[in-house]
Amino acid sequence: MLKNVWFKYQNGDWVLKDINLKLEKGFIVLAGPNGAGKSTLLKLIAGFHKPNVGEIIINGHKIKNIRDVVGLVTYVPSNPLVFLVGPTVKSDFIRAMNSFSYKVNIESLVEYLDIKHLVNKRIFHLSEGETRITAALSAYLLGTKVLLLDEPTVGLDKKLREKLLFIISEACKRGIVIVATNDLRLASRADQIIFLNNGRIEDIGPPGKILYSHSFIKHVGSTDIIEFCREVRLENPIRCITPVELSSVLIKLLQGDS
Amino acid sequence: MLRDIYYAFAIRKISSPVHNAHPLTKFLGLIIVIIASSLASLSFLLLLLLLTIGEVLIAKSTSRLCRITRALTIPTLIIGFFSYIVYGLIRTIEIVLRLFIVAFSVTLFMSTTSPTELAQAFEKIGLPTSLAIIPELALRLIPFMAIDAQDSINSLILRNEVKISKPLPKGLVKVLAAIILSAIKRAEILAEALMAKYLGYSKRRTIIYSFRITPYDAVQFIIKLSLLIVIIFKIVVI
């Protein structure tokens, strides 16, 4: 929970202004134009900085510094290389699991995600996308209730993006996953989007509400499929609002199940 | 501390005699100051400090000076404390002055010289591209490494790989490994981009900057070189 949070870096302007949030279990996306304060908000939740005004409360504890969130929050920076300790992917996963004694069947997870070819690779030899998926999985294996990911989809192809979504959905079962991104493909799968603009929360709600708002489209943008959904929604008031919902409708139509 | 270093080193393009000076004379001046400060006695160190502060004022970079001073506060206290115990007061003052002179000079150089200018100047005097690129890579990477270091320490504390303890957190080797790994990857990408953009000096390549020796170049170079000669002469004579 964030109560009346104001934050600025030394000798700078306000980066976050009057942030009031009550976050529930699930997948939350922080979206907004560059410089809106997305990454800063993540760092504040991770206890890297202290708000100038207001307070952050996680699990009933007021967060004063990073010590207060060890074992509770995991943060994967936008450069995931600095989060990995390696030397191989496998050893990084094992270290992550041992950090807070989180128990999970890593073999079946690796098999399910089809990343067997990665596990014996050295961190240095991973590609950009592979590094990000490894960092996301390592973060998941830490087992903390709050998982913060900064721009996790940069360099991910469709296959890896689906794997990331699977990791996020698994992490959501035990707590909150907050992702700072402007990737609308990811945002449309969120439970909730927090739209930040100029340091303030401009809108909060499910993708069906936020992705079609004029302000969001103006500042963050849209995709062809979202534009299509918007037009369908405007012309036919059927319950087909998000790309995900649209795809399920289309699948049903193609299967003759409508 | 790392954030302060990042902001102190970040380049600010304004017009001042220091900003408009030839990158090579500034680079040579920096090398001379570093050598001179390592050899100088207390009185010459004070002179070098005044000279450096004077240059900072000419470059209108006092805010950078404040930033780097703030970043140096804790290291200075630690180094000062131990050197006072081992060497006594005068040597401690000398060590601290050396630290500040080098830090101020490097900050002044970094915040007034574009790495691109430096690389192109090196290439123009015939240095091979693979060597000319080194300072540019290093200068461009330092701010990123500072940010990476901060992110790495914080995220690895949350991973329980780095333990918070005083005076220094435990497990910093892991941070170092992560930063080096990241720096190598970044350097690879950056070098390719620089080669594609303008490096590999020839008449057919893009020439971004044109350089000329300004009066400031000559004055600063002569003063610093004279000071170095006097310092060496004094050491040799004594």
# chains A, B, ... in the order shown; residues from 1 in each chain; ligands from 1

$ closest_atom_pairs --of "chain A" --to "chain B" --cutoff "7 Å" --atoms "only C-alpha atoms" --output "CSV"
residue,atom,partner,partner_atom,distance
A:Phe48,CA,B:Asn154,CA,6.8
A:Val70,CA,B:Leu158,CA,4.9
A:Gly71,CA,B:Leu158,CA,6.7
A:Val73,CA,B:Leu158,CA,6.7
A:Thr74,CA,B:Leu158,CA,5.8
A:Tyr75,CA,B:Ser155,CA,5.6
A:Val76,CA,B:Ser155,CA,6.6
A:Pro77,CA,B:Asp151,CA,6.6
A:Leu81,CA,B:Ser182,CA,5.9
A:Val82,CA,B:Ser152,CA,4.9
A:Phe83,CA,B:Ser152,CA,5.8
A:Leu84,CA,B:Ala178,CA,6.9
A:Val85,CA,B:Lys174,CA,6.3
A:Ser99,CA,B:Asn160,CA,6.0
A:Phe124,CA,B:Leu181,CA,6.7

$ residues_around --residues "Met1 in chain A" --least-positions-apart "2" --cutoff "8 Å" --atoms "only C-alpha atoms" --output "PyMOL selection string"
chain A and resi 3+20-23+56-58

$ residues_around --residues "range 137-146 of chain B" --least-positions-apart "3" --cutoff "8 Å" --atoms "only C-alpha atoms" --output "number ranges by chain"
B: 2-3, 5-6, 9-10, 110, 115, 133-134, 149-150, 179, 183, 186-187, 190-191

$ write_last_selection --atoms "C-alpha atoms" --output "PDB file, in the first residue's frame"
ATOM      1  CA  LEU B   2      27.627   6.177  -7.162  1.00  0.00           C
ATOM      2  CA  ARG B   3      24.789   8.432  -8.211  1.00  0.00           C
ATOM      3  CA  ILE B   5      29.806  10.143  -9.377  1.00  0.00           C
ATOM      4  CA  TYR B   6      27.423   9.560 -12.260  1.00  0.00           C
ATOM      5  CA  PHE B   9      30.967  12.840 -14.659  1.00  0.00           C
ATOM      6  CA  ALA B  10      27.994  13.447 -16.951  1.00  0.00           C
ATOM      7  CA  MET B 110      34.973  14.032 -17.950  1.00  0.00           C
ATOM      8  CA  PRO B 115      34.491  10.961 -25.403  1.00  0.00           C
ATOM      9  CA  ILE B 133      38.497   3.660 -28.934  1.00  0.00           C
ATOM     10  CA  ILE B 134      39.697   2.616 -25.445  1.00  0.00           C
ATOM     11  CA  ALA B 149      26.680  -1.124  -9.645  1.00  0.00           C
ATOM     12  CA  GLN B 150      23.889   0.580  -7.704  1.00  0.00           C
ATOM     13  CA  ILE B 179      29.245  -5.417 -13.255  1.00  0.00           C
ATOM     14  CA  ALA B 183      30.443  -3.876 -18.867  1.00  0.00           C
ATOM     15  CA  ARG B 186      27.957  -3.165 -23.119  1.00  0.00           C
ATOM     16  CA  ALA B 187      31.489  -2.464 -24.432  1.00  0.00           C
ATOM     17  CA  LEU B 190      29.190   0.199 -27.945  1.00  0.00           C
ATOM     18  CA  ALA B 191      32.384  -0.548 -29.896  1.00  0.00           C
TER      19      ALA B 191
END

$ residues_around --residues "range 51-56 of chain B" --least-positions-apart "5" --cutoff "12 Å" --atoms "only C-alpha atoms" --output "compact mmCIF listing (two decimals) with C-alpha atoms, in the first residue's frame"
# COMPACT_ATOMS: atom_id res chain seq x y z
CA ALA B 8 29.58 14.60 -11.58
CA SER B 16 33.52 27.95 -21.76
CA PRO B 17 37.26 28.09 -22.49
CA VAL B 18 37.62 24.63 -20.91
CA HIS B 19 34.76 23.13 -22.93
CA ALA B 21 39.69 23.52 -25.57
CA LYS B 26 43.16 18.62 -21.85
CA GLY B 29 47.04 18.30 -18.85
CA LEU B 30 45.15 15.68 -16.85
CA VAL B 33 48.33 16.82 -13.00
CA ILE B 34 48.06 13.16 -11.95
CA SER B 37 50.18 15.31 -7.64
CA PHE B 44 52.82 22.17 -4.38
CA LEU B 45 49.74 20.07 -3.70
CA LEU B 46 47.96 23.18 -2.42
CA SER B 61 31.29 23.37 -13.18
CA THR B 62 31.04 24.10 -9.45
CA SER B 63 27.98 21.86 -9.11
CA ARG B 64 30.08 18.93 -10.41
CA LEU B 65 32.73 19.81 -7.84
CA CYS B 66 30.12 19.64 -5.07
CA LEU B 97 44.86 16.48 -1.13
CA ARG B 98 46.13 14.06 -3.80
CA PHE B 100 40.86 15.50 -4.23
CA ILE B 101 43.18 16.89 -6.92
CA VAL B 102 42.92 13.73 -8.99
CA ALA B 103 39.15 13.46 -8.43
CA PHE B 104 38.54 17.14 -9.32
CA SER B 105 40.77 16.94 -12.42
CA VAL B 106 39.14 13.74 -13.67
CA THR B 107 35.67 15.20 -13.02
CA LEU B 108 36.58 18.39 -14.88
CA PHE B 109 37.94 16.41 -17.80
CA MET B 110 34.97 14.03 -17.95
CA SER B 111 32.32 16.72 -17.65
CA THR B 112 33.87 18.99 -20.27
CA TYR B 216 43.44 28.40 -22.89
CA ASP B 217 45.08 25.18 -24.17
CA VAL B 219 48.20 28.54 -20.95
CA GLN B 220 46.97 25.52 -18.98
CA PHE B 221 49.47 23.20 -20.63
CA ILE B 223 51.44 26.14 -16.34
CA LYS B 224 50.96 22.43 -15.60
CA LEU B 227 54.76 22.93 -12.29

$ closest_residue --among "B:Ala36, B:Ile95, B:Leu168, B:Leu50" --to "Ile235 in chain B" --atoms "only C-alpha atoms"
B:Ala36

$ select_by_dssp --residues "chain B" --states "alpha helix (DSSP H)" --output "PyMOL selection string"
chain B and resi 2-9+23-39+42-58+62-87+89-112+115-124+129-158+172-197+215-237

$ residues_around --residues "Phe233 in chain B" --least-positions-apart "5" --cutoff "12 Å" --atoms "only C-alpha atoms" --output "PDB file with N, CA, C and O atoms, in the first residue's frame"
ATOM      1  N   ALA B  36      52.082  14.928 -11.414  1.00  0.00           N
ATOM      2  CA  ALA B  36      52.590  15.975 -10.505  1.00  0.00           C
ATOM      3  C   ALA B  36      52.060  15.775  -9.091  1.00  0.00           C
ATOM      4  O   ALA B  36      52.813  15.898  -8.113  1.00  0.00           O
ATOM      5  N   LEU B  39      53.817  13.211  -7.093  1.00  0.00           N
ATOM      6  CA  LEU B  39      55.203  13.519  -6.694  1.00  0.00           C
ATOM      7  C   LEU B  39      55.300  14.720  -5.750  1.00  0.00           C
ATOM      8  O   LEU B  39      56.294  14.860  -5.029  1.00  0.00           O
ATOM      9  N   ALA B  40      54.270  15.567  -5.763  1.00  0.00           N
ATOM     10  CA  ALA B  40      54.388  16.880  -5.094  1.00  0.00           C
ATOM     11  C   ALA B  40      54.372  16.797  -3.573  1.00  0.00           C
ATOM     12  O   ALA B  40      53.807  15.873  -2.987  1.00  0.00           O
ATOM     13  N   SER B 226      55.136  23.343 -16.415  1.00  0.00           N
ATOM     14  CA  SER B 226      56.152  24.057 -15.616  1.00  0.00           C
ATOM     15  C   SER B 226      56.114  23.556 -14.172  1.00  0.00           C
ATOM     16  O   SER B 226      57.161  23.327 -13.550  1.00  0.00           O
ATOM     17  N   LEU B 227      54.902  23.412 -13.673  1.00  0.00           N
ATOM     18  CA  LEU B 227      54.764  22.927 -12.286  1.00  0.00           C
ATOM     19  C   LEU B 227      55.400  21.548 -12.129  1.00  0.00           C
ATOM     20  O   LEU B 227      56.126  21.294 -11.166  1.00  0.00           O
ATOM     21  N   LEU B 228      55.137  20.668 -13.101  1.00  0.00           N
ATOM     22  CA  LEU B 228      55.704  19.312 -13.045  1.00  0.00           C
ATOM     23  C   LEU B 228      57.225  19.371 -13.080  1.00  0.00           C
ATOM     24  O   LEU B 228      57.903  18.673 -12.299  1.00  0.00           O
ATOM     25  N   ILE B 238      66.960  17.933  -4.179  1.00  0.00           N
ATOM     26  CA  ILE B 238      66.995  17.541  -2.760  1.00  0.00           C
ATOM     27  C   ILE B 238      67.571  16.155  -2.650  1.00  0.00           C
ATOM     28  O   ILE B 238      68.394  15.855  -1.803  1.00  0.00           O
TER      29      ILE B 238
END

$ residues_around --residues "range 184-200 of chain A" --least-positions-apart "2" --cutoff "6 Å" --atoms "only C-alpha atoms" --output "ChimeraX atom specification"
/A:15-17,27-32,36-37,182,202-207

$ residues_around --residues "Arg91 in chain B" --least-positions-apart "2" --cutoff "12 Å" --atoms "only C-alpha atoms" --output "list in words"
Ala40, Ser41, Leu42, Leu45, Ile79, Gly80, Phe81, Phe82, Ser83, Tyr84, Ile85, Val86, Tyr87, Gly88, Leu89, Ile93, Glu94, Ile95, Val96, Leu97 and Arg98 of chain B

$ atom_distance --atom1 "CA of Asp18 in chain A" --atom2 "CA of Cys172 in chain A"
26.8 Å
